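Working notes for the structure below.
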Amino acid sequence: MTTFAFYFFATLITLLFLVTVLSRNVLYAMTALAAGMVLISGLFFMLDAAFLGAVQLVVYVGAVMALYSFAMMFFDANKDIKERNGSAVTVFLLGGAIAVMLVVIFTAPLIGQGVASLYPPAEGATNPQAVGLVLFTKYLVPFEVAAVMLLVAMISGIILAGKKMDFSLSVVEATKSIDSKTIDNMDNTEKKGDK
Amino acid sequence: MIGLSHYLVLSAILFSIGLVGVLRRKNLLMLFFATEIMLNAANVAFAAISYHYNDLSGQMFAFFVVAVAASEIAVGLGLLVILYKKYGTLDLDEFTVMRG
Amino acid sequence: METTMIHEVTWVGVAIKALIAMLIVSAVAGFGTYIERKVLAWMQRRPGPSHVGPFGLLQLAADGIKLFTKEDFIPQYSNRLIFSIAPVITAATAFIALAAVPIFPDFTFPEWIPLLGGVFVPSIAADIDVGLLFILGAMAAGLYGPLLAGMSQQNKWGIIGAARTAVQFLSYEVVTGLSMLAPIMLVGSLSLVDFNNYQTGGIASWMIWQQPLAFVLFLIAGFAETNRTPFDLLEHEAEIISGFVTEYSGLRWGLFFVGEYANMITIAVLASVIFMGGYSDFMLIPGWLMMGLKVTFFFFLMLWVRASWPHVRPDQLMWLSWKVLMPLALLNVVITGIVVMVTA
């Protein structure tokens with residue numbers, strides 16, 4: 001059962017992420033990526049990391065990908081992207097080679113020696129409880145730093161994207177057209193907008 | 001039976017897919033997508049190692065990776081929107097303004 | 001805990017539970033339209049559906065026939081694949097969220113029933129450790145239905161509807177999560193079964209008395225997340241034709257509809273389990289009837305609000321979420337934290 005589930009998830013995730021990377025259409029890429037994220041949370045549930053799976057669902061699928069799609073509203077999602085691509089073969093070989101190298105580098109010590117468990121899950125606790133116990137004792141300082149990092153990101157996001165948040169756009173439009181031009185002109189602009 | 005190596009191989013495959021995306025893509029939004037794939041591949045490896053060594057540190061790092069991804073897009077998307085307003089495109093080849 | 005451990009949860013029980021949930025929700029989604037129209041008509045002093053069958057009861061069948069026989073239309077320049085799967089996403093995520101929601105108390109089939117005698121049916125199809133978070137996540141994934149629908153149909157009303165979806169769901173998810181956090185801190189668990197067991201001591205032990213603010217915030221955010229009328233901006237007919245469903249017709253439109261009703265039921269069940277004592281027996285009334293009454297009450301409340309409140313403007317919606325509800329929810333969490341710390 002686990003074997004089947006693993007191969008099922010693994011195949012689907014790989015295919016979906018390939019679609020994301022290779023597709024010319026932003027909408028396909030975004031949908032495939034979001035679906036892949038949902039399936040990855042399935043992997044986390046299989047690995048007894050239920051809380052991580054739920055966080056993946058809420059944060060990645062619910063927030064991160066939704067923000068991406070919100071950003072996509074600025075661009076035409078149904079139009080194909082035109083890109084100038086270099087030699088595809090080189091890129092594939094290079095990417096594969098670097099990835100394999102990285103994996104070997106990082107897994108070699110792991111296979112080479114027995115690793116002792118540093119923070120085993122607490123006895124008889126559910127996964128969220130065990131995670132909370134470790135997160136708020138051993139990893140408290142990184143946790144706080146992460147909170148500060150999120151705050152910084154939030155402030156910078158607001159400053160970057162929302163320079164004119166204080167006035168209502170409809171009010172600005174109305175005053176502008178009344179100030180500078182006559183009502184006839186306002187009608188004209190409306191007609192232009194309709195075309 | 002599915003062991004640790006299965007998950008690590010899956011994670012490696014996903015990571016290389018992301019890496020290919022980063023190398024191949026010229027559209028900034030697609031570059032962001034590829035980065036997310038790489039972060040997720042790392043998370044799979046973290047969770048698998050955490051499960052097979054009965055150690056919660058792996059899951060902790062996965063949480064921090066998620067937090068990093070969340071703050072990354074908050075800043076990154078703000079920059080993307082500004083870039084698009086300024087240049088009208090997200091293609092990296094169009095941004096070669098420093099060449100003189 | 002000991003009594004619940006005696007019953008073994010078998011896959012038959014889970015399957016029956018899933019079937020019951022599916023059937024009830026589908027039936028309610030169908031019958032709910034009739035109720036909604038009748039109640040709204042009654043509140044607005046007009047007869048409502050009255051021509052087809054006695055009291056207009058067969059209006060449901062007429063609507064169904066119309067829905068099935070309508071032309072299944074896909075706009076020429078739309079993205080056909082995404083356009084077709086978007087309604088399925090809405091309906092599927094709504095039902096996936098229901099998997100972790102307890103609808104009725106657990107029961108055992110009596111021995112005299114052939115085949116099924118002695119099968120234990122759990123209150124919840126999948127009682128996972130992170131139940132509440134899972135429901136939040138599944139409902140969050142539900143926003144892709146309207147979003148993709150709006151973006152794929154090459155229609156400016158659709159795009160506006162999709163943009164409003166993203167903004168509204170993202171903002172109000174924050175409020176839902178934060179308002180649920182305070183009850184979670186009191187109960188100390190994310191499982192809805194534990195929530196129910198926390199409030200078994202009659203009306204006085206209901207969470208609503210301890211967390212009235214969280215209850216109100218949860219209801220408001222729930223209305224926004226299920227796209228009910230005061231926050232019905234995604235498909236606001238007077239402003240943006242029909243928003244993300246502008247180009248949909250026939251069965252695909254019906255799927256959006258079923259998804260919306262399933263989400264309404266999920267929110268109603270969540271409100272009753274988290275804040276109103278759940279499915280435990282109340283004096284002489286058995287638990288399953290109690291649960292039905294509570295869900296009916298919340299359903300009626302949604303219609304009542306729909307009949308009495310006007311739409312809000314999008315900027316008012318954002319103002320309400322970020323400048324009123326979220327600070328209140330945060331304040332509630334902080335106060336609850338201090339109280340828990342002092343009393344523990």
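In the structure tokens, each chain is lettered A, B, ... as it comes, each chain's residues begin at 1, and ligands are numbered from 1 in order of appearance.
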Checklist entry - Residues of chain B in helix (DSSP H, G or I) according to DSSP, as a PyMOL selection string? => result chain B and resi 4-24+28-52+57-87+92-95+97-99
Item to check | Exercise answer, chain C residues close to chain A, 7 Å and only C-alpha atoms, as number ranges by chain | outcome: C: 79, 129-130, 133-134, 136-137, 140-141, 151-152, 163, 166, 170
Can those selected residues be exported to a file as a PDB file, in the first residue's frame so that it contains C-alpha atoms?
ATOM      1  CA  ASN C  79      -7.884  27.709 -22.186  1.00  0.00           C
ATOM      2  CA  ASP C 129      -3.948  14.794  14.263  1.00  0.00           C
ATOM      3  CA  VAL C 130      -4.152  18.044  12.374  1.00  0.00           C
ATOM      4  CA  LEU C 133      -5.511  22.703   9.870  1.00  0.00           C
ATOM      5  CA  PHE C 134      -6.305  20.127   7.203  1.00  0.00           C
ATOM      6  CA  LEU C 136      -8.346  25.043   6.503  1.00  0.00           C
ATOM      7  CA  GLY C 137      -5.830  23.833   3.945  1.00  0.00           C
ATOM      8  CA  ALA C 140      -7.716  27.193   0.961  1.00  0.00           C
ATOM      9  CA  ALA C 141      -7.036  24.924  -2.007  1.00  0.00           C
ATOM     10  CA  MET C 151      -8.275  33.359 -15.516  1.00  0.00           C
ATOM     11  CA  SER C 152      -8.902  30.743 -18.191  1.00  0.00           C
ATOM     12  CA  ALA C 163      -8.710  38.830  -8.763  1.00  0.00           C
ATOM     13  CA  ALA C 166      -7.637  35.794  -4.590  1.00  0.00           C
ATOM     14  CA  LEU C 170      -6.357  35.288   1.156  1.00  0.00           C
TER      15      LEU C 170
END
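Using only C-alpha atoms, the contacts of Gly96 of chain A at a cut-off of 9 Å, with sequence neighbours closer than 2 positions omitted, comprise Val91, Phe92, Leu93, Leu94, Ile98, Ala99, Val100 and Met101 of chain A; Ile13, Ser16, Ile17, Leu19 and Val20 of chain B.
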Item to check | Neighbours of chain A in chain B at 8 Å, counting only C-alpha atoms, as a PyMOL selection string | outcome: chain B and resi 1-2+10+12-21+23-27+30+33-34+37+40+44+47-48+51+53-57+59-60+62-64+66-75+77-79+81-82+91
For the residues in the current selection, export C-alpha atoms as a PDB file, in the first residue's frame.
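So the final result, stored in out-v3.pdb, reads:
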ATOM      1  CA  MET B   1       9.226  -1.515   0.886  1.00  0.00           C
ATOM      2  CA  ILE B   2       9.986   2.151   0.513  1.00  0.00           C
ATOM      3  CA  LEU B  10      12.754  11.424  -5.664  1.00  0.00           C
ATOM      4  CA  ALA B  12      17.084  14.583  -6.279  1.00  0.00           C
ATOM      5  CA  ILE B  13      14.886  14.197  -9.369  1.00  0.00           C
ATOM      6  CA  LEU B  14      12.625  17.049  -8.285  1.00  0.00           C
ATOM      7  CA  PHE B  15      15.617  19.208  -7.454  1.00  0.00           C
ATOM      8  CA  SER B  16      17.162  18.656 -10.858  1.00  0.00           C
ATOM      9  CA  ILE B  17      13.839  19.480 -12.516  1.00  0.00           C
ATOM     10  CA  GLY B  18      13.890  22.773 -10.643  1.00  0.00           C
ATOM     11  CA  LEU B  19      17.501  23.345 -11.580  1.00  0.00           C
ATOM     12  CA  VAL B  20      16.779  22.730 -15.253  1.00  0.00           C
ATOM     13  CA  GLY B  21      13.985  25.253 -14.948  1.00  0.00           C
ATOM     14  CA  LEU B  23      18.879  27.345 -16.139  1.00  0.00           C
ATOM     15  CA  ARG B  24      16.444  27.171 -19.024  1.00  0.00           C
ATOM     16  CA  ARG B  25      13.841  29.795 -18.265  1.00  0.00           C
ATOM     17  CA  LYS B  26      14.154  33.459 -19.149  1.00  0.00           C
ATOM     18  CA  ASN B  27      10.828  34.634 -17.739  1.00  0.00           C
ATOM     19  CA  MET B  30       8.919  31.006 -14.328  1.00  0.00           C
ATOM     20  CA  PHE B  33       8.314  28.728 -10.038  1.00  0.00           C
ATOM     21  CA  ALA B  34      11.507  26.744 -10.562  1.00  0.00           C
ATOM     22  CA  ILE B  37      10.266  23.399  -6.985  1.00  0.00           C
ATOM     23  CA  ASN B  40      10.001  21.691  -2.163  1.00  0.00           C
ATOM     24  CA  VAL B  44      10.850  16.201   0.823  1.00  0.00           C
ATOM     25  CA  ALA B  47      10.929  15.102   5.977  1.00  0.00           C
ATOM     26  CA  ALA B  48      12.184  11.721   4.770  1.00  0.00           C
ATOM     27  CA  TYR B  51      11.163  10.071   9.507  1.00  0.00           C
ATOM     28  CA  TYR B  53      16.187   8.691  11.704  1.00  0.00           C
ATOM     29  CA  ASN B  54      13.311   9.352  14.108  1.00  0.00           C
ATOM     30  CA  ASP B  55      14.492  12.900  14.610  1.00  0.00           C
ATOM     31  CA  LEU B  56      12.365  16.037  14.434  1.00  0.00           C
ATOM     32  CA  SER B  57      15.189  18.365  13.347  1.00  0.00           C
ATOM     33  CA  GLN B  59      10.876  18.770  10.030  1.00  0.00           C
ATOM     34  CA  MET B  60      12.052  21.912  11.843  1.00  0.00           C
ATOM     35  CA  ALA B  62      11.419  22.166   6.545  1.00  0.00           C
ATOM     36  CA  PHE B  63       9.309  24.677   8.520  1.00  0.00           C
ATOM     37  CA  PHE B  64      12.031  27.279   8.223  1.00  0.00           C
ATOM     38  CA  VAL B  66       8.562  27.233   4.198  1.00  0.00           C
ATOM     39  CA  ALA B  67       8.974  30.486   6.129  1.00  0.00           C
ATOM     40  CA  VAL B  68      11.832  31.530   3.840  1.00  0.00           C
ATOM     41  CA  ALA B  69       9.727  30.744   0.778  1.00  0.00           C
ATOM     42  CA  ALA B  70       6.848  32.804   2.140  1.00  0.00           C
ATOM     43  CA  SER B  71       8.998  35.858   2.793  1.00  0.00           C
ATOM     44  CA  GLU B  72      10.804  35.372  -0.516  1.00  0.00           C
ATOM     45  CA  ILE B  73       7.630  35.773  -2.526  1.00  0.00           C
ATOM     46  CA  ALA B  74       6.420  38.725  -0.481  1.00  0.00           C
ATOM     47  CA  VAL B  75       9.521  40.680  -1.492  1.00  0.00           C
ATOM     48  CA  LEU B  77       6.506  39.652  -6.135  1.00  0.00           C
ATOM     49  CA  GLY B  78       6.708  43.301  -5.091  1.00  0.00           C
ATOM     50  CA  LEU B  79       9.860  43.634  -7.181  1.00  0.00           C
ATOM     51  CA  VAL B  81       5.280  44.118 -10.148  1.00  0.00           C
ATOM     52  CA  ILE B  82       7.571  47.163 -10.124  1.00  0.00           C
ATOM     53  CA  ASP B  91      11.821  38.591 -19.847  1.00  0.00           C
TER      54      ASP B  91
END
Using only C-alpha atoms, determine which residues lie at most 7 Å from segment 257-260 of chain C, disregarding the query and same-chain residues fewer than 6 positions distant; provide the list as a compact mmCIF listing (two decimals) with N, CA and C atoms, in the first residue's frame.
# COMPACT_ATOMS: atom_id res chain seq x y z
N ALA C 29 -27.45 20.11 -0.77
CA ALA C 29 -27.12 21.09 -1.80
C ALA C 29 -28.26 21.24 -2.79
N THR C 90 -13.32 23.01 -7.46
CA THR C 90 -14.19 23.55 -6.42
C THR C 90 -14.95 22.45 -5.70
N ALA C 91 -15.61 21.58 -6.47
CA ALA C 91 -16.43 20.53 -5.85
C ALA C 91 -15.55 19.56 -5.07
N ALA C 94 -14.13 20.91 -1.76
CA ALA C 94 -15.17 21.05 -0.75
C ALA C 94 -15.44 19.70 -0.09
N THR C 226 -17.16 31.39 2.22
CA THR C 226 -18.12 30.63 1.43
C THR C 226 -18.83 31.50 0.42
Item to check | Residues near Val295 of chain C, cut-off 9 Å, only C-alpha atoms, skip fewer than 4 positions along chain, as a PyMOL selection string | outcome: chain C and resi 265+268-269+271-272+290-291+299-300
I'd like the neighbourhood of Ala86 of chain C as a PDB file with N, CA and C atoms, in the first residue's frame, where a residue qualifies if any of its atoms comes within 6 Å (using only C-alpha atoms), though same-chain residues fewer than 6 positions away should be ignored.
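And here's result24.pdb as it stands now:
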ATOM      1  N   GLY C 145     -10.471  26.910  -7.695  1.00  0.00           N
ATOM      2  CA  GLY C 145     -11.595  26.747  -8.603  1.00  0.00           C
ATOM      3  C   GLY C 145     -11.996  28.064  -9.238  1.00  0.00           C
ATOM      4  N   LEU C 148      -8.879  29.799 -11.228  1.00  0.00           N
ATOM      5  CA  LEU C 148      -8.538  29.279 -12.555  1.00  0.00           C
ATOM      6  C   LEU C 148      -9.690  29.501 -13.523  1.00  0.00           C
ATOM      7  N   ALA C 149     -10.931  29.360 -13.018  1.00  0.00           N
ATOM      8  CA  ALA C 149     -12.080  29.585 -13.888  1.00  0.00           C
ATOM      9  C   ALA C 149     -12.023  30.991 -14.459  1.00  0.00           C
TER      10      ALA C 149
END
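When atom CA of Ser242 of chain C is paired with atom CA of Lys70 of chain C, their separation reads 17.8 Å.
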I'd like the contact shell of Tyr34 of chain C - 10 Å cut-off, only C-alpha atoms, skipping same-chain residues fewer than 4 positions apart - returned as a JSON list (two decimals) with N, CA and C atoms, in the first residue's frame.
[["chain", "number", "residue", "atom", "x", "y", "z"],
["C", 28, "VAL", "N", -28.59, 17.96, 0.53],
["C", 28, "VAL", "CA", -28.81, 19.30, 1.08],
["C", 28, "VAL", "C", -28.51, 20.36, 0.04],
["C", 29, "ALA", "N", -27.45, 20.11, -0.77],
["C", 29, "ALA", "CA", -27.12, 21.09, -1.80],
["C", 29, "ALA", "C", -28.26, 21.24, -2.79],
["C", 30, "GLY", "N", -28.94, 20.12, -3.08],
["C", 30, "GLY", "CA", -30.07, 20.22, -3.98],
["C", 30, "GLY", "C", -31.26, 20.88, -3.32],
["C", 38, "LYS", "N", -37.26, 29.82, -0.97],
["C", 38, "LYS", "CA", -38.48, 29.99, -0.21],
["C", 38, "LYS", "C", -38.28, 30.95, 0.97],
["C", 39, "VAL", "N", -37.16, 30.74, 1.71],
["C", 39, "VAL", "CA", -36.93, 31.58, 2.89],
["C", 39, "VAL", "C", -36.72, 33.03, 2.48],
["C", 40, "LEU", "N", -35.92, 33.23, 1.42],
["C", 40, "LEU", "CA", -35.69, 34.60, 0.95],
["C", 40, "LEU", "C", -36.99, 35.24, 0.52],
["C", 48, "GLY", "N", -42.23, 33.28, -3.92],
["C", 48, "GLY", "CA", -41.13, 32.37, -4.22],
["C", 48, "GLY", "C", -41.57, 31.34, -5.23],
["C", 49, "PRO", "N", -40.83, 30.23, -5.41],
["C", 49, "PRO", "CA", -41.23, 29.21, -6.37],
["C", 49, "PRO", "C", -42.55, 28.58, -5.95],
["C", 56, "GLY", "N", -44.45, 24.48, -4.98],
["C", 56, "GLY", "CA", -43.25, 24.65, -5.80],
["C", 56, "GLY", "C", -42.16, 23.65, -5.49],
["C", 57, "LEU", "N", -42.51, 22.54, -4.86],
["C", 57, "LEU", "CA", -41.49, 21.58, -4.44],
["C", 57, "LEU", "C", -40.77, 20.94, -5.62],
["C", 58, "LEU", "N", -41.47, 20.80, -6.73],
["C", 58, "LEU", "CA", -40.84, 20.13, -7.88],
["C", 58, "LEU", "C", -39.97, 21.08, -8.68],
["C", 59, "GLN", "N", -39.90, 22.34, -8.26],
["C", 59, "GLN", "CA", -39.02, 23.31, -8.91],
["C", 59, "GLN", "C", -37.60, 22.76, -9.00],
["C", 60, "LEU", "N", -37.23, 21.99, -7.95],
["C", 60, "LEU", "CA", -35.91, 21.38, -7.88],
["C", 60, "LEU", "C", -35.67, 20.49, -9.09],
["C", 63, "ASP", "N", -35.34, 22.54, -12.25],
["C", 63, "ASP", "CA", -34.01, 23.14, -12.34],
["C", 63, "ASP", "C", -32.98, 22.10, -12.76]]
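What separates atom CA of Lys156 of chain C from atom CA of Phe83 of chain C is a distance of 14.8 Å.
Atom CA of Ile274 of chain C lies 13.1 Å from atom CA of Ile203 of chain C.
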